Amino acid sequence: MAIKHTAVSYYGMNYTEHARQDFEEMRAHGCDTVVLALTEFDIDFWFPNINAIVRTAHEAGLRVLADTWGIGKYFGGENVSLFLQNNIHHRQVSAYTGEVLNAACFVTNSFRDYFRNICVKLARETEVDGFFWDEPHYALPKSYASITGGAGDDWACRCPECMRKFEAYYGYEMPRFMNDDVKQFRWREALFTLSDTSRVLKEINPNLEITCCVHATMQSYYVTELRGYDNWEMVAACPYFDVFSSTIIKWDLPEDFFRDITERTVRIAKKYGKESERWLMGYHQQPKDWKQIDRIVDMYEEMGVDRLATWTYRGGYGTVVSAKDPIKLWDCIGENYKRVLKK
Ligand SMILES: [Zn+2]
């Protein structure tokens, strides 16, 4: 088995001469791909500069994937959302309490148009090599949700637009208690938002590579998180996705959890003819034993993972989600990338 690509995410979208140094540092750390974490503000305000950044990355020898990071708080990410700032409608609603939530409802035509237009503009006016769908999800109307699959009763979205669409399809009012129709409705609508935009992007440029990265959640008989993309078979079967990816696992979770997520990721990617990708936590939390990074990278490689990716450049140095020793973490991941890439 061989690792085909090694990626790292990057926030610095402002000045090419600074980005050039960072991209060269990424190359020196064994990266061959940069995932540009594009915020709604970057796309709106810095748009004239984005392609200059993309070209600079290409000159440094990196592939470039556009990550529609945290857009509408539909995708994962700490950034703020212009959509939520500029719209008082089209938000997700808690099923149990009726509270309006601070997340765009991606089932609405308004948000779907907004998201697709952003991506189409990037595809037409920049030279990105592909797109990265970063942890898309329904809002969880609970503050203490665990990425390891803690059970929760409330769910989203039960906004007026979702309710109308549900009733038109199933012939009865969308219930507050999640039944099989609600599950199916949420899976179908969630996937449509991404598959429809992915289809349009492939029509613009068939060479654009699309990765869909879902939450690395437990899916047992008893517990799933039901964030909309937890039906991995359904997601991986989408013909417009090229890479099936599952997201970061905290270093202090049991090794069996890493193994279980990776086994399912690789198996399902293979079944639907996609490449598989697994992530490394390169920010916020670092392993107690640096050698754990070597062991997990070895595990991924042995289990047949095609691609590795890390969030984020320099261990999140200078941000509130920096690792305790960010540069050491970045260097350890870099050493592993150099060790396994196309060896
Ligand atoms: Zn809704």
# chains A, B, ... in the order shown; residues from 1 in each chain; ligands from 1

call {"tool": "residues_near_ligand", "arguments": {"ligand": "ligand 1", "cutoff": "6 Å", "atoms": "only C-alpha atoms and all ligand atoms", "output": "list in words"}}
result
Gln92, Cys105, Val107, Cys157, Arg158, Cys159, Glu161 and Cys162 of chain A

call {"tool": "write_last_selection", "arguments": {"atoms": "C-alpha atoms", "output": "short mmCIF file (atom, residue, chain, number, x, y, z; two decimals), in the first residue's frame"}}
result
data_model
loop_
_atom_site.label_atom_id
_atom_site.label_comp_id
_atom_site.auth_asym_id
_atom_site.auth_seq_id
_atom_site.Cartn_x
_atom_site.Cartn_y
_atom_site.Cartn_z
CA GLN A 92 -32.46 25.57 10.98
CA CYS A 105 -30.90 25.50 6.59
CA VAL A 107 -32.42 22.38 2.41
CA CYS A 157 -34.20 20.86 10.87
CA ARG A 158 -37.91 21.48 11.35
CA CYS A 159 -38.07 24.92 9.76
CA GLU A 161 -39.44 25.18 4.46
CA CYS A 162 -38.39 21.67 5.55
#

call {"tool": "residues_around", "arguments": {"residues": "region 4-10 of chain A", "least_positions_apart": "3", "cutoff": "10 Å", "atoms": "only C-alpha atoms", "output": "PyMOL selection string"}}
result
chain A and resi 1+13+19+22-23+26-27+29-38+62-67+275+277+279-280+282+305-314+316+330+333-334+336-338+340-343

call {"tool": "residues_around", "arguments": {"residues": "Tyr283 (chain A)", "least_positions_apart": "3", "cutoff": "6 Å", "atoms": "only C-alpha atoms", "output": "list in words"}}
result
Gly315, Gly316, Ser322 and Ala323 of chain A

call {"tool": "write_last_selection", "arguments": {"atoms": "N, CA and C atoms", "output": "JSON list (two decimals), in the first residue's frame"}}
result
[["chain", "number", "residue", "atom", "x", "y", "z"],
["A", 315, "GLY", "N", 0.26, 23.49, 13.24],
["A", 315, "GLY", "CA", -0.39, 23.09, 14.50],
["A", 315, "GLY", "C", -1.38, 24.11, 15.06],
["A", 316, "GLY", "N", -1.87, 25.00, 14.17],
["A", 316, "GLY", "CA", -2.82, 26.01, 14.62],
["A", 316, "GLY", "C", -2.15, 27.15, 15.38],
["A", 322, "SER", "N", -4.77, 26.38, 18.91],
["A", 322, "SER", "CA", -3.39, 25.91, 18.77],
["A", 322, "SER", "C", -3.16, 24.70, 19.67],
["A", 323, "ALA", "N", -2.30, 23.78, 19.19],
["A", 323, "ALA", "CA", -1.82, 22.72, 20.08],
["A", 323, "ALA", "C", -0.87, 23.34, 21.11]]

call {"tool": "select_by_dssp", "arguments": {"residues": "region 126-295 of chain A", "states": "helix (DSSP H, G or I)", "output": "VMD selection string"}}
result
chain A and resid 160 to 170 180 to 204 232 to 236 255 to 271 291 to 295

call {"tool": "write_last_selection", "arguments": {"atoms": "C-alpha atoms", "output": "PDB file, in the first residue's frame"}}
result
ATOM      1  CA  PRO A 160     -41.158  25.981   7.764  1.00  0.00           C
ATOM      2  CA  GLU A 161     -39.439  25.180   4.464  1.00  0.00           C
ATOM      3  CA  CYS A 162     -38.386  21.669   5.548  1.00  0.00           C
ATOM      4  CA  MET A 163     -41.857  21.056   6.992  1.00  0.00           C
ATOM      5  CA  ARG A 164     -43.558  22.020   3.731  1.00  0.00           C
ATOM      6  CA  LYS A 165     -41.217  19.863   1.686  1.00  0.00           C
ATOM      7  CA  PHE A 166     -41.655  16.878   4.021  1.00  0.00           C
ATOM      8  CA  GLU A 167     -45.443  17.107   3.969  1.00  0.00           C
ATOM      9  CA  ALA A 168     -45.535  17.436   0.171  1.00  0.00           C
ATOM     10  CA  TYR A 169     -43.500  14.217  -0.136  1.00  0.00           C
ATOM     11  CA  TYR A 170     -44.919  12.047   2.650  1.00  0.00           C
ATOM     12  CA  ASP A 180     -37.762   6.547   9.543  1.00  0.00           C
ATOM     13  CA  ASP A 181     -39.374   9.017   7.132  1.00  0.00           C
ATOM     14  CA  VAL A 182     -37.592  11.903   8.831  1.00  0.00           C
ATOM     15  CA  LYS A 183     -34.281  10.038   8.683  1.00  0.00           C
ATOM     16  CA  GLN A 184     -34.720   9.314   4.985  1.00  0.00           C
ATOM     17  CA  PHE A 185     -35.823  12.900   4.290  1.00  0.00           C
ATOM     18  CA  ARG A 186     -32.789  14.346   6.075  1.00  0.00           C
ATOM     19  CA  TRP A 187     -30.322  12.007   4.311  1.00  0.00           C
ATOM     20  CA  ARG A 188     -31.807  12.692   0.892  1.00  0.00           C
ATOM     21  CA  GLU A 189     -31.965  16.473   1.243  1.00  0.00           C
ATOM     22  CA  ALA A 190     -28.493  16.700   2.797  1.00  0.00           C
ATOM     23  CA  LEU A 191     -26.921  14.690   0.009  1.00  0.00           C
ATOM     24  CA  PHE A 192     -28.806  16.597  -2.693  1.00  0.00           C
ATOM     25  CA  THR A 193     -27.296  19.919  -1.564  1.00  0.00           C
ATOM     26  CA  LEU A 194     -23.781  18.604  -2.145  1.00  0.00           C
ATOM     27  CA  SER A 195     -24.422  16.301  -5.094  1.00  0.00           C
ATOM     28  CA  ASP A 196     -26.252  18.969  -7.091  1.00  0.00           C
ATOM     29  CA  THR A 197     -23.455  21.517  -6.667  1.00  0.00           C
ATOM     30  CA  SER A 198     -20.838  18.825  -7.351  1.00  0.00           C
ATOM     31  CA  ARG A 199     -22.648  17.901 -10.578  1.00  0.00           C
ATOM     32  CA  VAL A 200     -22.624  21.542 -11.703  1.00  0.00           C
ATOM     33  CA  LEU A 201     -18.915  21.851 -10.891  1.00  0.00           C
ATOM     34  CA  LYS A 202     -18.098  18.727 -12.915  1.00  0.00           C
ATOM     35  CA  GLU A 203     -20.052  20.194 -15.837  1.00  0.00           C
ATOM     36  CA  ILE A 204     -17.913  23.336 -15.658  1.00  0.00           C
ATOM     37  CA  TRP A 232     -21.867   6.459   4.574  1.00  0.00           C
ATOM     38  CA  GLU A 233     -22.979   4.024   1.866  1.00  0.00           C
ATOM     39  CA  MET A 234     -25.385   6.619   0.505  1.00  0.00           C
ATOM     40  CA  VAL A 235     -22.746   9.384   0.568  1.00  0.00           C
ATOM     41  CA  ALA A 236     -19.975   7.291  -0.986  1.00  0.00           C
ATOM     42  CA  GLU A 255      -6.872   2.921  19.171  1.00  0.00           C
ATOM     43  CA  ASP A 256      -9.807   0.609  18.438  1.00  0.00           C
ATOM     44  CA  PHE A 257     -11.856   3.659  17.532  1.00  0.00           C
ATOM     45  CA  PHE A 258      -9.224   4.782  14.998  1.00  0.00           C
ATOM     46  CA  ARG A 259      -9.171   1.251  13.589  1.00  0.00           C
ATOM     47  CA  ASP A 260     -12.951   0.963  13.352  1.00  0.00           C
ATOM     48  CA  ILE A 261     -13.410   4.315  11.601  1.00  0.00           C
ATOM     49  CA  THR A 262     -10.539   3.619   9.206  1.00  0.00           C
ATOM     50  CA  GLU A 263     -11.730   0.108   8.345  1.00  0.00           C
ATOM     51  CA  ARG A 264     -15.204   1.418   7.483  1.00  0.00           C
ATOM     52  CA  THR A 265     -13.846   4.431   5.566  1.00  0.00           C
ATOM     53  CA  VAL A 266     -11.564   2.305   3.377  1.00  0.00           C
ATOM     54  CA  ARG A 267     -14.111  -0.465   2.842  1.00  0.00           C
ATOM     55  CA  ILE A 268     -16.918   1.863   1.788  1.00  0.00           C
ATOM     56  CA  ALA A 269     -14.641   4.021  -0.409  1.00  0.00           C
ATOM     57  CA  LYS A 270     -13.404   0.897  -2.217  1.00  0.00           C
ATOM     58  CA  LYS A 271     -16.922  -0.470  -2.635  1.00  0.00           C
ATOM     59  CA  LYS A 291       5.266   8.159  18.651  1.00  0.00           C
ATOM     60  CA  GLN A 292       1.482   7.742  18.531  1.00  0.00           C
ATOM     61  CA  ILE A 293       1.532   9.787  15.314  1.00  0.00           C
ATOM     62  CA  ASP A 294       3.907   7.233  13.735  1.00  0.00           C
ATOM     63  CA  ARG A 295       1.701   4.352  14.896  1.00  0.00           C
TER      64      ARG A 295
END

call {"tool": "residues_around", "arguments": {"residues": "region 69-74 of chain A", "least_positions_apart": "6", "cutoff": "6 Å", "atoms": "only C-alpha atoms", "output": "list in words"}}
result
Ala37, Leu38, Thr39, Ser81, Phe83, Ala103, Ala104, Pro136 and His137 of chain A

call {"tool": "write_last_selection", "arguments": {"atoms": "N, CA and C atoms", "output": "short mmCIF file (atom, residue, chain, number, x, y, z; two decimals), in the first residue's frame"}}
result
data_model
loop_
_atom_site.label_atom_id
_atom_site.label_comp_id
_atom_site.auth_asym_id
_atom_site.auth_seq_id
_atom_site.Cartn_x
_atom_site.Cartn_y
_atom_site.Cartn_z
N ALA A 37 -8.72 26.89 3.40
CA ALA A 37 -9.93 27.10 4.22
C ALA A 37 -10.48 28.47 3.89
N LEU A 38 -11.40 28.51 2.94
CA LEU A 38 -11.95 29.78 2.45
C LEU A 38 -13.18 30.15 3.26
N THR A 39 -13.11 31.29 3.93
CA THR A 39 -14.29 31.76 4.67
C THR A 39 -15.18 32.56 3.73
N SER A 81 -20.24 33.59 9.68
CA SER A 81 -20.97 33.38 8.43
C SER A 81 -21.66 34.64 7.94
N PHE A 83 -23.71 34.63 5.42
CA PHE A 83 -25.10 34.25 5.11
C PHE A 83 -25.99 34.50 6.32
N ALA A 103 -27.67 28.42 12.44
CA ALA A 103 -27.11 27.65 11.33
C ALA A 103 -28.07 27.76 10.15
N ALA A 104 -27.51 27.95 8.95
CA ALA A 104 -28.35 28.04 7.75
C ALA A 104 -29.02 26.70 7.49
N PRO A 136 -19.92 18.51 6.46
CA PRO A 136 -21.28 19.06 6.34
C PRO A 136 -22.17 18.40 7.40
N HIS A 137 -23.13 19.16 7.93
CA HIS A 137 -23.95 18.58 9.00
C HIS A 137 -25.18 19.42 9.30
#

call {"tool": "closest_residue", "arguments": {"among": "A:Asp289, A:Trp155, A:His284, A:Ser245", "to": "Pro175 (chain A)", "atoms": "only C-alpha atoms"}}
result
A:Trp155
